[in-house]
Every structure is written in structure tokens, then in C-alpha cells.
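Worksheet: one structure, shown below.
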Amino acid sequence: MMNKVCIVLGVGPGNGEAFVRRFSDEGFQVAMVARSQDFLKQLEKSVAGAHAFPCDMMDPEQITTALTAVENQLGPVSVVLYNAGGGAFKNVEQASLEDFEANWRINVQGLVAATKAALPQLRQHDTASIIITSASAATRGRANTAPFASAKAAQRSLAQSLARQLGPEKIHVATVVIDGVVDLPRTRQMLSDKPDDFFVKPAAVADAVWTLCQQDPSGWTFELDIRPFGETW
């Protein structure tokens with residue numbers, strides 16, 4: 001039997017919160033990992049089965065400590081949702097080496113640390129899932145996304161490696177490429193002239209991620225593109 005424990009690494013007012021709510025609705029205990037302790041505590045109060053584990057996703061030791069705490073408190077996780085990510089949107093001349101390193105640390109190093117810490121728990125289940133929130137920058141590098149695109153491309157290749165290694169163990173590794181602007185308070189403010197249907201709804205992303213986690217091992221998806229119906233691509 002699958003232990004219904006999901007960990008969401010990178011929880012904010014967007015896809016992360018939507019993942020927490022969606023898996024809680026499905027009866028999961030949800031471990032929420034992020035730096036913002038205040039935001040996590042608010043969600044913990046409002047979402048049944050949600051549990052806050054404050055952690056700096058730039059620090060591998062903190063990630064390992066958080067995964068251990070989750071297992072001790074809730075039991076071994078069966079679903080890992082890696083939603084941590086960030087980007088410096090600059091071209092290669094504007095971006096510093098520190099910008100490139102920071103993008104790599106959150107998008108690649110953090111995923112490595114989380115996977116290493118989670119695998120002993122995932123392997124306790126007949127089937128398990130690691131789902132990674134990606135972006136269109138993983139498949140195309142625009143001029144002003146040099147640090148972000150290079151890190152996301154590396155993350156995509158890492159995910160492929162993980163999928164090939166872990167698939168035979170029935171651990172489903174998949175990436176969700178979000179090709180659009182996620183509906184957030186700050187994006188609404190920045191793009192106040194855009195209609196509602198311009199934005200990617202976090203609840204819709206969460207529905208897609210839930211579906212990935214329910215796929216039969218005979219028909220797994222590795223990479224799923226999500227975009228609004230009117231998006232140019």
C-alpha cells in the first residue's frame with residue numbers, strides 16, 4: 001500500500017500552494033518545504049493535513065534534514081513534487097557568475113539533494129513519483145534568460161537521467177513544462193492589461209500533476225507541456 005505522504009519542495013502563492021491543496025483534497029498528508037515560515041504556517045492552519053517544514057532550498061544539508069523530519073513525523077513519502085526554482089532574467093553579458101551559480105543551485109543542486117534524501121523513502125513503496133516543475137526555458141534559451149535557461153536545461157537532462165535510472169524500480173520521474181505566465185498577484189500587477197484567460201491557473205497545473213501521479217506504469221509520461229489555449233508557441 002502506498003503511504004499517502006506527499007512533499008512539496010518550494011511552496012509559494014502559486015503552483016506550490018495549489019499542489020498542497022490538491023493533494024490534501026486527495027487524502028494525502030502534505031509536507032510543505034520553503035523558506036517562508038510565515039506563509040507555511042498560514043497554509044498549515046487553512047489546509048487539512050498540511051505540515052510546515054521551513055528550509056532554505058539553496059542549502060543541501062537543510063533539505064536532507066527536512067526529508068528526515070518528514071519521514072519521522074509523517075512516514076515515508078511516496079510523492080515528491082520539486083517546485084523550487086528561480087531565475088535571473090539577463091543576457092550573458094549582464095549576468096554575473098553568481099547569477100549563474102544561484103540558478104544552478106536552486107534548479108539542479110536542490111533537485112539532486114532532494115532526490116538523494118527521498119529515494120530511501122520512495123523505495124519503500126510499490127510505486128512512487130518525482131514530478132518536477134519545469135519551464136519552456138528548459139527547451140529554448142532566449143537572449144535574456146541565460147542563467148535561467150542554462151539551469152533549466154540542466155535540470156531537464158538530470159530528470160531524464162533520473163527517469164531512466166529509476167523507471168525500472170517503478171519510480172515515475174516526470175517534468176511539467178509550463179509555457180506561459182502563471183497567475184500570481186505579482187504577475188497580475190505586472191500584466192494588468194491581460195485578460196484572465198491569458199494566465200496559467202495554478203489549480204489547472206495541480207490537476208495535471210495529480211494525473212501524472214495516477215498513471216499506470218505501462219503508460220508513463222516523461223514530459224508534459226502546459227500552456228493556455230491562446231499561447232503562441
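Residues in the C-alpha cells are numbered from 1 in each chain, the chains being A, B, ... in the order shown, and ligands are numbered from 1 in the order shown.
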Open item on the list: Please return, as a PyMOL selection string, all residues of range 50-218 of chain A that DSSP assigns to helix (DSSP H, G or I) on the basis of the backbone.
Closed with: chain A and resi 60-74+97-122+136-138+143-169+185-190+196-198+202-213+217-218
Contacts between range 67-85 of chain A and range 166-194 of chain A, please, where a residue of range 166-194 of chain A counts if it comes within 12 Å (with only C-alpha atoms); show its shortest atom pair and distance in Å to one decimal, rows by chain and ascending number, as a tab-separated table.
```
residue	atom	partner	partner_atom	distance
A:Lys170	CA	A:Ser78	CA	11.4
A:Ile171	CA	A:Ser78	CA	9.2
A:His172	CA	A:Val79	CA	9.4
A:Val173	CA	A:Val80	CA	9.4
A:Ala174	CA	A:Leu81	CA	9.8
A:Thr175	CA	A:Tyr82	CA	9.4
A:Val176	CA	A:Asn83	CA	10.0
A:Val177	CA	A:Asn83	CA	11.6
A:Ile178	CA	A:Asn83	CA	11.6
```
Task: Which of A:Ala118, A:Val181, A:Ala95, A:Val30 sits closest to Pro147 in chain A [using only C-alpha atoms] - done: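 Checking each of A:Ala118, A:Val181, A:Ala95, A:Val30 against Pro147 in chain A, counting only C-alpha atoms, the winner is A:Ala95.
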- [ ] List every residue of range 15-225 of chain A that DSSP, applied to the backbone of this structure, assigns to strand (DSSP E or B), and report them as a VMD selection string.
- [x] chain A and resid 29 to 34 50 to 54 79 to 82 128 to 135 171 to 178 182 200 223 to 225
TODO: Work out how far CA of Ala204 in chain A is from CA of Gly230 in chain A, in Å to one decimal.
DONE: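 We find that CA of Gly230 in chain A and CA of Ala204 in chain A lie 15.3 Å from each other.
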- [ ] Compile the contact shell of Gly49 in chain A as number ranges by chain: residues with an atom at most 7 Å away, counting only C-alpha atoms, same-chain residues fewer than 5 positions apart removed.
- [x] A: 24, 28-30
- [ ] Tell me, as a ChimeraX atom specification, which residues lie within 9 Å of Glu17 in chain A, counting only C-alpha atoms; anything in the same chain fewer than 6 positions away does not count.
- [x] /A:8,11,32,43,202-203
Keeping only C-alpha atoms, take the residues you just selected and write them out as a compact mmCIF listing (two decimals), in the first residue's frame.
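After the write, again_9.txt holds the following:
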```txt
# COMPACT_ATOMS: atom_id res chain seq x y z
CA VAL A 8 6.17 19.80 -1.98
CA VAL A 11 5.73 26.35 -1.68
CA MET A 32 5.46 21.82 2.76
CA LEU A 43 -1.29 27.28 4.91
CA PRO A 202 -2.19 27.02 -10.66
CA ALA A 203 -5.17 24.76 -9.94
```
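Distance-wise, CA of Ala208 in chain A and CA of Ala128 in chain A end up 16.4 Å apart.
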- [ ] Kindly give the distance, in Å, that separates CA of Phe39 in chain A and CA of Gly16 in chain A, rounded to a single decimal.
- [x]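 Those two atoms sit 11.4 Å apart.
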Task: Exercise: Ala149 in chain A partners within 7 Å, only C-alpha atoms, chain neighbours under 4 positions left out, as number ranges by chain - done: A: 137-138, 141, 145, 153
Open item on the list: Just checking: using only C-alpha atoms, which residue out of A:Leu212, A:Leu111, A:Ala146, A:Val20 ends up closest to Ser129 in chain A?
Closed with: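 Among the listed residues, A:Leu212 lies closest to Ser129 in chain A.
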Task: Which of A:Gln124, A:Leu119, A:Thr211, A:Ile132 sits closest to Leu166 in chain A [using only C-alpha atoms] - done: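 Checking each of A:Gln124, A:Leu119, A:Thr211, A:Ile132 against Leu166 in chain A, counting only C-alpha atoms, the winner is A:Leu119.
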As a tab-separated table (two decimals) with all heavy atoms, in the first residue's frame, please: the residues near range 231-233 of chain A (cut-off 9 Å, only C-alpha atoms, same-chain neighbours under 4 positions excluded).
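The file below, out.tsv, is the result:
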```tsv
chain	number	residue	atom	x	y	z
A	179	ASP	N	4.54	26.61	-20.12
A	179	ASP	CA	4.83	27.56	-21.20
A	179	ASP	C	3.77	28.67	-21.16
A	179	ASP	O	2.80	28.65	-21.90
A	179	ASP	CB	4.82	26.84	-22.55
A	179	ASP	CG	5.26	27.75	-23.70
A	179	ASP	OD1	5.84	28.82	-23.41
A	179	ASP	OD2	5.01	27.40	-24.86
A	180	GLY	N	3.97	29.59	-20.26
A	180	GLY	CA	3.01	30.66	-20.08
A	180	GLY	C	3.29	31.38	-18.77
A	180	GLY	O	4.21	31.01	-18.02
A	198	PHE	N	-5.40	34.69	-20.22
A	198	PHE	CA	-4.01	34.77	-20.64
A	198	PHE	C	-3.11	33.95	-19.72
A	198	PHE	O	-2.07	33.45	-20.13
A	198	PHE	CB	-3.56	36.24	-20.63
A	198	PHE	CG	-2.07	36.45	-20.80
A	198	PHE	CD1	-1.49	36.43	-22.06
A	198	PHE	CD2	-1.25	36.65	-19.70
A	198	PHE	CE1	-0.12	36.62	-22.22
A	198	PHE	CE2	0.12	36.85	-19.84
A	198	PHE	CZ	0.68	36.82	-21.11
A	227	ARG	N	0.16	24.90	-21.43
A	227	ARG	CA	0.10	26.31	-21.85
A	227	ARG	C	-1.34	26.72	-22.03
A	227	ARG	O	-2.20	25.89	-22.35
A	227	ARG	CB	0.90	26.51	-23.16
A	227	ARG	CG	0.40	25.71	-24.34
A	227	ARG	CD	1.23	25.98	-25.59
A	227	ARG	NE	2.64	25.68	-25.42
A	227	ARG	CZ	3.19	24.47	-25.58
A	227	ARG	NH1	2.42	23.44	-25.92
A	227	ARG	NH2	4.46	24.28	-25.40
```
TODO: For Pro54 in chain A, work out the shell of residues within 7 Å, counting only C-alpha atoms and skipping chain neighbours fewer than 3 positions away, then give it as a PyMOL selection string.
DONE: chain A and resi 33-37
Resulting file, chosen residues, N, CA, C and O atoms, as a PDB file, in the first residue's frame:
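part_16.pdb was written with the following content:
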```
ATOM      1  N   VAL A  33       7.698  22.495   2.120  1.00  0.00           N
ATOM      2  CA  VAL A  33       9.073  22.926   2.344  1.00  0.00           C
ATOM      3  C   VAL A  33       9.311  24.242   1.603  1.00  0.00           C
ATOM      4  O   VAL A  33       9.070  24.335   0.394  1.00  0.00           O
ATOM      5  N   ALA A  34       9.751  25.246   2.320  1.00  0.00           N
ATOM      6  CA  ALA A  34      10.076  26.551   1.736  1.00  0.00           C
ATOM      7  C   ALA A  34      10.766  27.395   2.793  1.00  0.00           C
ATOM      8  O   ALA A  34      10.782  27.039   3.978  1.00  0.00           O
ATOM      9  N   ARG A  35      11.320  28.525   2.357  1.00  0.00           N
ATOM     10  CA  ARG A  35      11.993  29.421   3.298  1.00  0.00           C
ATOM     11  C   ARG A  35      11.009  30.222   4.137  1.00  0.00           C
ATOM     12  O   ARG A  35      11.287  30.547   5.281  1.00  0.00           O
ATOM     13  N   SER A  36       9.858  30.586   3.551  1.00  0.00           N
ATOM     14  CA  SER A  36       8.923  31.496   4.208  1.00  0.00           C
ATOM     15  C   SER A  36       8.109  30.769   5.273  1.00  0.00           C
ATOM     16  O   SER A  36       7.057  30.187   4.986  1.00  0.00           O
ATOM     17  N   GLN A  37       8.596  30.825   6.491  1.00  0.00           N
ATOM     18  CA  GLN A  37       7.924  30.133   7.575  1.00  0.00           C
ATOM     19  C   GLN A  37       6.526  30.704   7.825  1.00  0.00           C
ATOM     20  O   GLN A  37       5.580  29.953   8.088  1.00  0.00           O
TER      21      GLN A  37
END
```
TODO: Point out the residue among A:Glu61, A:Glu169, A:Lys201, A:Asp38 with the least atom-to-atom distance to Asn15 in chain A, counting only C-alpha atoms.
DONE: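 Of the candidates, the smallest distance to Asn15 in chain A is held by A:Lys201.
When only C-alpha atoms are used to compute distances to Ala135 in chain A, the closest of the residues A:Pro13, A:Pro217, A:Gly27, A:Gly87 turns out to be A:Gly87.
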TODO: Give the answer as one residue: which of A:Ala102, A:Ile7, A:Val47, A:Leu97 has the shortest atom-to-atom distance to Ala66 in chain A, using only C-alpha atoms?
DONE: A:Ile7
